[in-house]
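One structure is given below, encoded as structure tokens.
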Amino acid sequence: MHKEQPDAIGTQLFDASETPTLDLLISKSEDHSPADVIAVFDSGFDKVMSVPADLAESLGLTFLGMVVEELVAGSWAPQSVLAEAHVSFLDQEKMVPVVVSAPFGRVVIGPGFLQRFKLRLIVDHQGTALVEDAEWRRAEKARADWPAVKPSDTPVAPWVTRVLKESEPVNMNETQK
């Protein structure tokens, strides 16, 4: 299987106005030819990955089962089809559970996908960045190691207030007699 070469360190930046998309290679298994796809990241997506039915069929993904839901007593309806795909992303390869969605849609990934690859997507006022989980944890630990400083109305040097109360202020602009 073709392996992706990381272009730089494990961080990708996105334009703040765009929906984050990630390039993936998807196949049935590591010894099958992959398809190059662009996946849309959806932070509210509670599954690992969603693949359109036409793509799942063309790749010959392994069918795992169906999720069904009881509508009324004794009446069941299929909700989604589950399959498994081999995904190559940022020089990592993993077997990933996928939900097969309506044909001709987009590949969608959620936070669960990034967790499998030990990555995080950080979105803030400066933009969006894809960072390695270990890098994120180091930054969080460094921030946690800083002493907790709470805002206070007390002057920076409390002794200044004490000294000023003990002596009469002298106006240095007046001439002394």
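Following the order of the structure tokens, first chain is A, next is B, and so on, with residues numbered from 1 inside each chain and ligands from 1 in the order they appear.
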Residues of region 26-84 of chain A that approach region 100-116 of chain A to 6 Å or less, counting only C-alpha atoms: could you list each one with the shortest pair of atoms and its distance in Å to one decimal, rows by chain and increasing residue number, as CSV?
```
residue,atom,partner,partner_atom,distance
A:Ala39,CA,A:Val107,CA,4.7
A:Val40,CA,A:Val108,CA,4.9
A:Phe41,CA,A:Ile109,CA,5.0
A:Asp42,CA,A:Gly110,CA,5.2
A:Ser43,CA,A:Gly110,CA,5.5
A:Phe45,CA,A:Gly110,CA,4.9
A:Val48,CA,A:Phe113,CA,4.6
A:Met49,CA,A:Ile109,CA,4.5
A:Ser50,CA,A:Val108,CA,5.0
A:Val51,CA,A:Val107,CA,4.8
A:Pro52,CA,A:Ser101,CA,4.7
A:Ala53,CA,A:Pro103,CA,4.5
A:Asp54,CA,A:Pro103,CA,5.1
A:Val81,CA,A:Val100,CA,5.3
```
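Here CA of Ile122 (chain A) stands at a distance of 10.6 Å from CA of Pro20 (chain A).
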Check your understanding: For Gln92 (chain A), which residue among A:Leu61, A:Leu119, A:Val72, A:Ala77 is the nearest when counting only C-alpha atoms?
Key -> A:Leu119
